[in-house]
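Below is entry_9.txt, holding compact mmCIF, C-alpha atoms.
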# COMPACT_ATOMS: atom_id res chain seq x y z
CA MET R 282 28.09 -16.97 30.42
CA GLY R 283 25.43 -14.39 29.77
CA SER R 284 21.76 -14.25 30.52
CA TYR R 285 19.06 -14.73 27.91
CA PRO R 286 17.41 -11.33 27.12
CA ALA R 287 13.86 -12.67 27.10
CA LEU R 288 12.18 -9.25 27.33
CA SER R 289 14.05 -7.78 24.36
CA VAL R 290 13.42 -10.95 22.32
CA MET R 291 9.68 -10.87 22.99
CA THR R 292 9.56 -7.12 22.30
CA GLY R 293 11.30 -7.56 18.94
CA ILE R 294 9.10 -10.49 17.92
CA THR R 295 5.94 -8.67 19.06
CA LEU R 296 6.79 -5.58 16.99
CA ALA R 297 7.51 -7.68 13.90
CA LEU R 298 4.27 -9.66 14.30
CA LEU R 299 2.34 -6.46 15.01
CA ILE R 300 3.47 -4.97 11.71
CA LEU R 301 2.74 -8.19 9.84
CA GLY R 302 -0.65 -8.60 11.52
CA ALA R 303 -1.65 -4.99 10.85
CA PHE R 304 -0.95 -5.47 7.16
CA GLY R 305 -2.90 -8.72 7.26
CA ILE R 306 -5.87 -6.73 8.62
CA ILE R 307 -5.47 -4.26 5.75
CA LEU R 308 -5.61 -7.18 3.29
CA VAL R 309 -8.78 -8.51 4.97
CA HIS R 310 -10.48 -5.11 4.79
CA ALA R 311 -9.37 -4.62 1.20
CA GLY R 312 -10.80 -8.01 0.27
CA LYS R 313 -14.08 -7.25 2.03
CA PHE R 314 -14.27 -3.85 0.34
CA SER R 315 -13.78 -5.39 -3.12
CA GLN R 316 -16.52 -7.91 -2.31
CA ILE R 317 -18.92 -5.13 -1.28
CA VAL R 318 -18.14 -3.18 -4.46
CA ARG R 319 -18.81 -6.26 -6.58
CA GLU R 320 -22.03 -7.06 -4.72
CA ASN R 321 -23.38 -3.58 -5.49
CA VAL R 322 -23.12 -3.95 -9.26
CA GLU R 323 -26.72 -3.74 -10.47
CA ILE R 324 -28.50 -5.06 -13.53
CA GLN R 325 -31.72 -3.38 -14.62
CA VAL R 326 -34.15 -5.84 -16.19
CA TYR R 327 -36.66 -3.78 -18.19
CA LEU R 328 -40.04 -5.35 -19.04
CA HIS R 329 -42.19 -4.99 -22.14
CA LYS R 330 -44.98 -2.47 -21.74
CA THR R 331 -47.55 -5.17 -22.49
CA VAL R 332 -46.49 -7.42 -19.60
CA THR R 333 -49.39 -8.20 -17.25
CA GLU R 334 -49.13 -8.41 -13.48
CA ASN R 335 -49.35 -12.22 -13.69
CA GLN R 336 -46.51 -12.34 -16.25
CA ARG R 337 -44.47 -9.97 -14.11
CA SER R 338 -44.86 -12.32 -11.15
CA LYS R 339 -43.61 -15.24 -13.27
CA ILE R 340 -40.59 -13.21 -14.42
CA LYS R 341 -39.76 -12.42 -10.81
CA GLN R 342 -39.93 -16.09 -9.86
CA GLU R 343 -37.64 -16.98 -12.74
CA LEU R 344 -35.16 -14.31 -11.68
CA LEU R 345 -35.19 -15.68 -8.14
CA SER R 346 -34.19 -19.11 -9.47
CA LYS R 347 -31.05 -17.79 -11.18
CA ALA R 348 -27.76 -19.03 -9.69
CA PHE R 349 -26.05 -15.68 -10.23
CA LEU R 350 -28.57 -13.71 -8.15
CA ALA R 351 -26.99 -12.17 -5.04
CA VAL R 352 -29.13 -12.29 -1.91
CA LYS R 353 -28.24 -9.75 0.81
CA GLU R 354 -29.20 -9.83 4.45
CA ASN R 355 -32.16 -7.64 5.44
CA GLN R 356 -32.70 -6.62 1.81
CA PRO R 357 -35.09 -7.90 -0.85
CA ALA R 358 -33.39 -10.11 -3.43
CA ILE R 359 -35.16 -8.25 -6.23
CA GLN R 360 -36.33 -4.65 -6.28
CA PHE R 361 -39.23 -3.62 -8.51
CA ILE R 362 -39.48 -0.10 -9.88
CA SER R 363 -42.63 0.80 -11.77
CA LYS R 364 -42.48 3.09 -14.80
CA GLU R 365 -44.50 5.67 -12.85
CA ASP R 366 -41.97 5.69 -10.00
CA ALA R 367 -39.11 5.82 -12.50
CA ALA R 368 -40.69 8.81 -14.24
CA GLN R 369 -41.22 10.65 -10.96
CA SER R 370 -37.65 9.91 -9.92
CA PHE R 371 -36.37 11.28 -13.23
CA ILE R 372 -38.39 14.47 -12.83
CA ASP R 373 -37.19 14.93 -9.23
CA ASP R 374 -33.54 14.39 -10.20
CA THR R 375 -33.44 16.50 -13.38
CA GLY R 376 -36.27 18.98 -12.83
CA GLU R 377 -37.50 18.26 -16.36
CA ASP R 378 -41.05 17.06 -16.94
CA PHE R 379 -41.10 15.08 -20.18
CA PHE R 380 -44.89 14.69 -19.90
CA SER R 381 -45.15 18.28 -21.15
CA ILE R 382 -43.69 17.07 -24.45
CA LEU R 383 -44.80 13.43 -24.65
CA ASP R 384 -48.31 12.07 -24.38
CA ASN R 385 -47.29 8.81 -22.68
CA ASN R 386 -44.61 7.47 -20.37
CA PRO R 387 -41.65 6.19 -22.43
CA LEU R 388 -40.12 4.34 -19.47
CA HIS R 389 -40.53 0.66 -18.63
CA ASP R 390 -41.26 -1.27 -15.47
CA ALA R 391 -38.01 -2.79 -14.22
CA PHE R 392 -36.56 -5.29 -11.80
CA ILE R 393 -33.24 -4.33 -10.18
CA ILE R 394 -31.02 -7.28 -9.26
CA ASN R 395 -27.51 -7.71 -7.89
CA VAL R 396 -25.10 -10.36 -9.10
CA LYS R 397 -22.84 -12.53 -6.96
CA PRO R 398 -19.22 -11.23 -6.82
CA GLU R 399 -17.81 -14.27 -8.62
CA TYR R 400 -19.90 -13.41 -11.71
CA ILE R 401 -18.57 -9.85 -12.02
CA GLU R 402 -16.45 -10.52 -15.09
CA GLU R 403 -16.93 -9.17 -18.59
CA ALA R 404 -17.60 -12.54 -20.25
CA LYS R 405 -19.90 -13.79 -17.48
CA MET R 406 -21.85 -10.54 -17.35
CA LYS R 407 -22.46 -10.68 -21.09
CA ARG R 408 -23.80 -14.24 -20.73
CA ILE R 409 -26.04 -13.12 -17.87
CA LYS R 410 -27.34 -10.21 -19.95
CA LYS R 411 -28.13 -12.59 -22.83
CA ASP R 412 -29.78 -15.07 -20.47
CA LEU R 413 -32.00 -12.38 -18.94
CA GLU R 414 -33.06 -10.98 -22.32
CA GLU R 415 -34.20 -14.46 -23.37
CA ILE R 416 -36.82 -14.51 -20.59
CA SER R 417 -40.30 -14.05 -22.02
CA GLY R 418 -41.59 -10.55 -21.28
CA VAL R 419 -38.14 -8.97 -20.78
CA PHE R 420 -37.50 -6.00 -23.05
CA GLU R 421 -33.85 -5.37 -22.19
CA ALA R 422 -31.21 -6.11 -19.52
CA HIS R 423 -28.75 -3.32 -18.86
CA TYR R 424 -25.67 -2.80 -16.71
CA VAL R 425 -22.79 -0.32 -16.88
CA GLU R 426 -20.12 -2.27 -18.77
CA ASN R 427 -17.38 0.30 -18.18
CA LEU R 428 -18.03 0.13 -14.45
CA VAL R 429 -17.58 -3.65 -14.41
CA ASN R 430 -14.35 -3.41 -16.40
CA ASP R 431 -13.01 -0.62 -14.18
CA ILE R 432 -13.86 -2.54 -11.01
CA ASN R 433 -12.06 -5.68 -12.20
CA SER R 434 -9.06 -3.72 -13.46
CA ASN R 435 -8.65 -1.67 -10.29
CA ILE R 436 -9.17 -4.63 -7.96
CA GLN R 437 -6.61 -6.67 -9.90
CA LYS R 438 -4.03 -3.87 -9.74
CA ALA R 439 -4.66 -3.25 -6.04
CA GLY R 440 -4.46 -6.99 -5.35
CA ILE R 441 -1.05 -7.29 -7.01
CA ILE R 442 0.32 -4.25 -5.16
CA LEU R 443 -0.99 -5.46 -1.79
CA PHE R 444 0.34 -8.98 -2.37
CA VAL R 445 3.83 -7.69 -3.20
CA LEU R 446 3.77 -5.43 -0.13
CA PHE R 447 2.62 -8.36 2.01
CA LEU R 448 5.56 -10.47 0.82
CA LEU R 449 7.93 -7.59 1.63
CA PHE R 450 6.46 -7.19 5.12
CA LEU R 451 6.63 -10.96 5.66
CA PHE R 452 10.27 -11.07 4.55
CA THR R 453 11.12 -8.09 6.76
CA SER R 454 9.37 -9.65 9.76
CA VAL R 455 11.17 -12.96 9.29
CA ILE R 456 14.56 -11.21 9.08
CA LEU R 457 13.80 -9.06 12.13
CA ILE R 458 12.70 -12.01 14.27
CA ASN R 459 15.59 -14.15 13.05
CA ASN R 460 18.20 -11.47 13.89
CA THR R 461 16.60 -10.80 17.30
CA ILE R 462 16.83 -14.47 18.28
CA LYS R 463 20.35 -14.85 16.87
CA LEU R 464 21.55 -11.90 18.94
CA ALA R 465 19.86 -13.33 22.03
CA LEU R 466 21.49 -16.74 21.56
CA PHE R 467 24.87 -15.11 21.03
CA SER R 468 24.96 -14.49 24.78
CA GLN R 469 24.29 -18.21 25.33
CA ARG R 470 27.05 -19.58 23.10
CA PHE R 471 29.39 -20.48 25.99
CA LEU R 472 26.53 -22.19 27.84
CA ILE R 473 25.96 -24.30 24.74
CA ARG R 474 29.70 -25.17 24.61
CA SER R 475 29.73 -26.06 28.33
CA MET R 476 26.83 -28.48 27.77
CA GLN R 477 28.76 -30.01 24.88
CA LEU R 478 31.85 -30.46 27.04
CA VAL R 479 29.94 -32.44 29.67
CA GLY R 480 28.71 -34.82 26.98
CA ALA R 481 25.21 -33.53 26.29
CA LYS R 482 23.75 -34.66 22.97
CA PRO R 483 22.77 -32.00 20.39
CA TRP R 484 19.02 -32.72 20.74
CA PHE R 485 19.31 -32.40 24.55
CA ILE R 486 21.02 -29.01 24.17
CA GLN R 487 18.57 -27.78 21.54
CA ARG R 488 15.36 -28.82 23.30
CA PRO R 489 15.13 -26.14 26.04
CA PHE R 490 16.18 -23.36 23.63
CA LEU R 491 13.68 -24.45 20.97
CA LEU R 492 10.88 -24.77 23.52
CA ARG R 493 11.64 -21.32 24.94
CA ALA R 494 11.80 -19.75 21.45
CA SER R 495 8.46 -21.34 20.48
CA LEU R 496 6.81 -20.09 23.68
CA HIS R 497 8.24 -16.61 23.15
CA GLY R 498 6.84 -16.65 19.61
CA LEU R 499 3.44 -17.78 20.92
CA PHE R 500 3.28 -15.17 23.69
CA SER R 501 4.50 -12.44 21.32
CA GLY R 502 1.79 -13.47 18.85
CA LEU R 503 -0.83 -13.24 21.60
CA ILE R 504 0.36 -9.78 22.63
CA ALA R 505 0.45 -8.59 18.99
CA SER R 506 -3.06 -9.99 18.41
CA LEU R 507 -4.43 -8.26 21.52
CA LEU R 508 -2.89 -4.94 20.43
CA ILE R 509 -4.44 -5.29 16.97
CA ILE R 510 -7.83 -6.16 18.51
CA VAL R 511 -7.67 -3.00 20.64
CA LEU R 512 -6.77 -0.91 17.58
CA LEU R 513 -9.61 -2.48 15.59
CA TYR R 514 -12.11 -1.86 18.37
CA TYR R 515 -11.07 1.77 18.58
CA SER R 516 -11.17 2.16 14.77
CA TYR R 517 -14.63 0.57 14.47
CA ARG R 518 -15.91 2.82 17.25
CA GLU R 519 -14.50 6.02 15.75
CA ILE R 520 -15.23 5.23 12.08
CA GLU R 521 -18.78 3.91 11.76
CA ASP R 522 -18.52 2.91 8.08
CA LEU R 523 -15.45 0.77 8.80
CA LYS R 524 -17.72 -1.80 10.46
CA MET R 525 -18.96 -2.73 6.99
CA LEU R 526 -15.54 -4.27 6.32
CA TYR R 527 -15.66 -6.52 9.40
CA ASP R 528 -15.12 -10.16 8.47
CA GLN R 529 -14.94 -12.45 11.50
CA GLU R 530 -13.72 -15.59 9.73
CA SER R 531 -10.88 -13.78 7.95
CA LEU R 532 -9.84 -12.00 11.16
CA ILE R 533 -9.67 -15.34 12.99
CA ILE R 534 -7.40 -16.64 10.22
CA VAL R 535 -5.16 -13.55 10.55
CA PHE R 536 -4.82 -13.91 14.33
CA SER R 537 -4.21 -17.66 14.08
CA SER R 538 -1.55 -16.99 11.42
CA ILE R 539 0.18 -14.48 13.70
CA LEU R 540 0.51 -17.12 16.44
CA ILE R 541 1.72 -19.79 14.03
CA VAL R 542 4.21 -17.49 12.30
CA GLY R 543 5.62 -16.38 15.67
CA MET R 544 6.13 -19.97 16.83
CA VAL R 545 7.50 -21.28 13.53
CA ILE R 546 9.96 -18.43 12.98
CA GLY R 547 11.05 -18.55 16.64
CA PHE R 548 11.64 -22.31 16.44
CA SER R 549 13.43 -22.28 13.07
CA SER R 550 15.61 -19.26 13.91
CA SER R 551 16.72 -20.82 17.20
CA PHE R 552 17.36 -24.16 15.52
CA ARG R 553 19.68 -22.61 12.93
CA ALA R 554 21.49 -20.42 15.46
CA ILE R 555 22.07 -23.29 17.93
CA ASN R 556 23.35 -25.58 15.18
CA LYS R 557 25.74 -22.83 14.15
CA TYR R 558 27.20 -22.54 17.67
CA LEU R 559 27.34 -26.32 18.08
CA LYS R 560 29.64 -26.53 15.06
CA MET R 561 31.92 -23.64 16.04
CA SER R 562 35.35 -24.12 17.54
CA LEU R 563 36.27 -22.45 20.82
CA ASP R 564 38.35 -19.84 18.98
CA GLU R 565 35.39 -18.97 16.74
CA LEU R 566 33.12 -18.59 19.78
CA TYR R 567 35.44 -15.94 21.14
Is it possible to express this structure as structure tokens?
Amino acid sequence: MGSYPALSVMTGITLALLILGAFGIILVHAGKFSQIVRENVEIQVYLHKTVTENQRSKIKQELLSKAFLAVKENQPAIQFISKEDAAQSFIDDTGEDFFSILDNNPLHDAFIINVKPEYIEEAKMKRIKKDLEEISGVFEAHYVENLVNDINSNIQKAGIILFVLFLLFLFTSVILINNTIKLALFSQRFLIRSMQLVGAKPWFIQRPFLLRASLHGLFSGLIASLLIIVLLYYSYREIEDLKMLYDQESLIIVFSSILIVGMVIGFSSSFRAINKYLKMSLDELY
């Protein structure tokens, strides 16, 4: 009556889940990268030249109270750059000493702040700029508007492309797993008919096949997850900067999804295939 090709079934499911999981990892890293890019958008808050040290301290405290301020680990929430440091930095970068032409320093003391990723939108950034310039002692708030627009535009385009590709990979994986299980159950069609002939109920016939398919999906998901973990470990070790994109919570979701997808597709594919053979006549089985 044919033996069930468990090894080939698990191999096919593992390969499909490996491809799907690998693309899921790409999505996680892409999302983390976009977050890092957004978090590094800076706003320069320039102060009036007449601001005293006491006023500057009050401005800093007010900036720290803002909801849009991004706080990074192991980094100060606000960076202060004095006009003297800014002038020296300009001279070092350009090689031009404007003090030979001007009698005084035209630059301003400034606070450098980063904004939370969810505020990196044109309308929100304009409101933040207006809010900052209303603080007493602030001369001007400045950020690169074109950079913000380019970031949002590119991230949106990349997000759409990656989402479409993910759906294609998901569809391909489902079809591959479904066909693998259907071919495996084809060798069991006469066993299913024999169980029918001795009076077994449909649910009794389906139960062992569905349980086996679910377990195969689970084990294949575990194998695929372990392979991806090995590849990630090797990639993080070889490419130092890639560690910046590590996101534990998102990776856990990806690996959990691989297990669930393997079990669900295995169960549903077996259920449809068994029902098909249960309804076939003997002539159709041959």
- Please provide as a VMD selection string all residues within 9 Å of Ile458 in chain R, with the sequence filter that same-chain residues fewer than 5 positions apart are discarded (counting all atoms listed in the file). chain R and resid 290 293 to 295 297 to 298 453 463 543 546 to 547 550
Just want the 8 Å neighbourhood of Asn430 in chain R, counted on all atoms listed in the file, with same-chain residues fewer than 4 positions away dropped. Output as a PDB file with C-alpha atoms, in the coordinates of the input.
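Final output, saved to out.pdb:
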ATOM      1  CA  GLU R 402     -16.450 -10.520 -15.090  1.00  0.00           C
ATOM      2  CA  GLU R 403     -16.930  -9.170 -18.590  1.00  0.00           C
ATOM      3  CA  GLU R 426     -20.120  -2.270 -18.770  1.00  0.00           C
ATOM      4  CA  SER R 434      -9.060  -3.720 -13.460  1.00  0.00           C
TER       5      SER R 434
END
- By how many Å are CA of Ile340 in chain R and CA of Gly418 in chain R apart?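 Interatomic distance, CA of Ile340 in chain R to CA of Gly418 in chain R: 7.4 Å.
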- For range 510-519 of chain R, please output as a PyMOL selection string all residues within 12 Å (counting only C-alpha atoms; exclusion window: fewer than 6 positions along the same chain). chain R and resi 299+302-303+306-307+310+503-504+525-529+532-533+535-536
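Each of R:Ile509, R:Ile401, R:Leu448, R:Ala348 was compared to Ile436 in chain R using only C-alpha atoms, and R:Ile401 turns out to be the nearest.
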- Note on the structure: With distances taken over all atoms listed in the file, the candidate from R:Val326, R:Phe349, R:His389, R:Glu354 nearest Ala368 in chain R is R:His389
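CA of Ala465 in chain R to CA of Ala481 in chain R spans 21.3 Å [interatomic distance, one decimal].
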- Task: Give the answer as one residue: which of R:Lys313, R:Asn386, R:Pro286, R:Glu343 has the shortest atom-to-atom distance to Lys330 in chain R, using only C-alpha atoms?
- Result: R:Asn386
- Query: For Ser495 in chain R, which of R:Ser537, R:Met291, R:Val419, R:His329 is the closest residue, counting all atoms listed in the file?
  - Reply: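 Using all atoms listed in the file, the shortest distance to Ser495 in chain R belongs to R:Met291.
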For a cut-off of 12 Å around (-34.9, -9.8, -4.8), file coordinates, pick out all residues using all atoms listed in the file and list them as a compact mmCIF listing (two decimals) with C-alpha atoms, in the coordinates of the input.
# COMPACT_ATOMS: atom_id res chain seq x y z
CA GLU R 323 -26.72 -3.74 -10.47
CA ILE R 324 -28.50 -5.06 -13.53
CA ILE R 340 -40.59 -13.21 -14.42
CA LYS R 341 -39.76 -12.42 -10.81
CA GLN R 342 -39.93 -16.09 -9.86
CA GLU R 343 -37.64 -16.98 -12.74
CA LEU R 344 -35.16 -14.31 -11.68
CA LEU R 345 -35.19 -15.68 -8.14
CA SER R 346 -34.19 -19.11 -9.47
CA LYS R 347 -31.05 -17.79 -11.18
CA PHE R 349 -26.05 -15.68 -10.23
CA LEU R 350 -28.57 -13.71 -8.15
CA ALA R 351 -26.99 -12.17 -5.04
CA VAL R 352 -29.13 -12.29 -1.91
CA LYS R 353 -28.24 -9.75 0.81
CA GLU R 354 -29.20 -9.83 4.45
CA ASN R 355 -32.16 -7.64 5.44
CA GLN R 356 -32.70 -6.62 1.81
CA PRO R 357 -35.09 -7.90 -0.85
CA ALA R 358 -33.39 -10.11 -3.43
CA ILE R 359 -35.16 -8.25 -6.23
CA GLN R 360 -36.33 -4.65 -6.28
CA PHE R 361 -39.23 -3.62 -8.51
CA ILE R 362 -39.48 -0.10 -9.88
CA PHE R 392 -36.56 -5.29 -11.80
CA ILE R 393 -33.24 -4.33 -10.18
CA ILE R 394 -31.02 -7.28 -9.26
CA ASN R 395 -27.51 -7.71 -7.89
CA VAL R 396 -25.10 -10.36 -9.10
- Query: In terms of the shortest atom-to-atom distance over only C-alpha atoms, which of R:Ile555, R:Leu388, R:Ile300, R:Ile416 is closest to Gln469 in chain R?
  - Reply: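 Smallest separation from Gln469 in chain R among the options: R:Ile555.
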- Message: Residues within 8 Å of Lys411 in chain R, please, as a ChimeraX atom specification. Count only C-alpha atoms; anything in the same chain fewer than 4 positions from it doesn't count.
- Response: /R:407,415,422
Just C-alpha atoms for this one: save the residues we selected as a PDB file, in the frame of the given file.
ATOM      1  CA  LYS R 407     -22.460 -10.680 -21.090  1.00  0.00           C
ATOM      2  CA  GLU R 415     -34.200 -14.460 -23.370  1.00  0.00           C
ATOM      3  CA  ALA R 422     -31.210  -6.110 -19.520  1.00  0.00           C
TER       4      ALA R 422
END
- Computed interatomic separation between CA of Phe548 in chain R and CA of Thr461 in chain R (Å):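 CA of Phe548 in chain R sits 12.6 Å away from CA of Thr461 in chain R.
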- Message: I'd like to know which of R:Gln437, R:Gln487, R:Gly312, R:Ile317 is closest to Leu466 in chain R, using all atoms listed in the file.
- Response: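 Closest to Leu466 in chain R, using all atoms listed in the file: R:Gln487.
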Kindly output range 420-431 of chain R as a PDB file, in the frame of the given file, after building N, CA and C atoms.
ATOM      1  N   PHE R 420     -37.801  -6.875 -21.921  1.00  0.00           N
ATOM      2  CA  PHE R 420     -37.500  -6.000 -23.050  1.00  0.00           C
ATOM      3  C   PHE R 420     -35.984  -5.838 -23.233  1.00  0.00           C
ATOM      4  N   GLU R 421     -35.289  -5.591 -22.115  1.00  0.00           N
ATOM      5  CA  GLU R 421     -33.850  -5.370 -22.190  1.00  0.00           C
ATOM      6  C   GLU R 421     -33.227  -5.548 -20.797  1.00  0.00           C
ATOM      7  N   ALA R 422     -31.995  -6.062 -20.761  1.00  0.00           N
ATOM      8  CA  ALA R 422     -31.210  -6.110 -19.520  1.00  0.00           C
ATOM      9  C   ALA R 422     -30.028  -5.175 -19.700  1.00  0.00           C
ATOM     10  N   HIS R 423     -29.811  -4.333 -18.696  1.00  0.00           N
ATOM     11  CA  HIS R 423     -28.750  -3.320 -18.860  1.00  0.00           C
ATOM     12  C   HIS R 423     -27.906  -3.219 -17.602  1.00  0.00           C
ATOM     13  N   TYR R 424     -26.596  -3.108 -17.800  1.00  0.00           N
ATOM     14  CA  TYR R 424     -25.670  -2.800 -16.710  1.00  0.00           C
ATOM     15  C   TYR R 424     -24.571  -1.903 -17.288  1.00  0.00           C
ATOM     16  N   VAL R 425     -23.837  -1.234 -16.427  1.00  0.00           N
ATOM     17  CA  VAL R 425     -22.790  -0.320 -16.880  1.00  0.00           C
ATOM     18  C   VAL R 425     -21.515  -1.133 -17.146  1.00  0.00           C
ATOM     19  N   GLU R 426     -21.254  -1.409 -18.422  1.00  0.00           N
ATOM     20  CA  GLU R 426     -20.120  -2.270 -18.770  1.00  0.00           C
ATOM     21  C   GLU R 426     -18.792  -1.644 -18.355  1.00  0.00           C
ATOM     22  N   ASN R 427     -18.641  -0.348 -18.558  1.00  0.00           N
ATOM     23  CA  ASN R 427     -17.380   0.300 -18.180  1.00  0.00           C
ATOM     24  C   ASN R 427     -17.120   0.194 -16.690  1.00  0.00           C
ATOM     25  N   LEU R 428     -18.185   0.248 -15.891  1.00  0.00           N
ATOM     26  CA  LEU R 428     -18.030   0.130 -14.450  1.00  0.00           C
ATOM     27  C   LEU R 428     -17.492  -1.240 -14.075  1.00  0.00           C
ATOM     28  N   VAL R 429     -18.033  -2.282 -14.686  1.00  0.00           N
ATOM     29  CA  VAL R 429     -17.580  -3.650 -14.410  1.00  0.00           C
ATOM     30  C   VAL R 429     -16.106  -3.809 -14.791  1.00  0.00           C
ATOM     31  N   ASN R 430     -15.747  -3.299 -15.959  1.00  0.00           N
ATOM     32  CA  ASN R 430     -14.350  -3.410 -16.400  1.00  0.00           C
ATOM     33  C   ASN R 430     -13.412  -2.634 -15.486  1.00  0.00           C
ATOM     34  N   ASP R 431     -13.842  -1.427 -15.072  1.00  0.00           N
ATOM     35  CA  ASP R 431     -13.010  -0.620 -14.180  1.00  0.00           C
ATOM     36  C   ASP R 431     -12.849  -1.282 -12.815  1.00  0.00           C
TER      37      ASP R 431
END
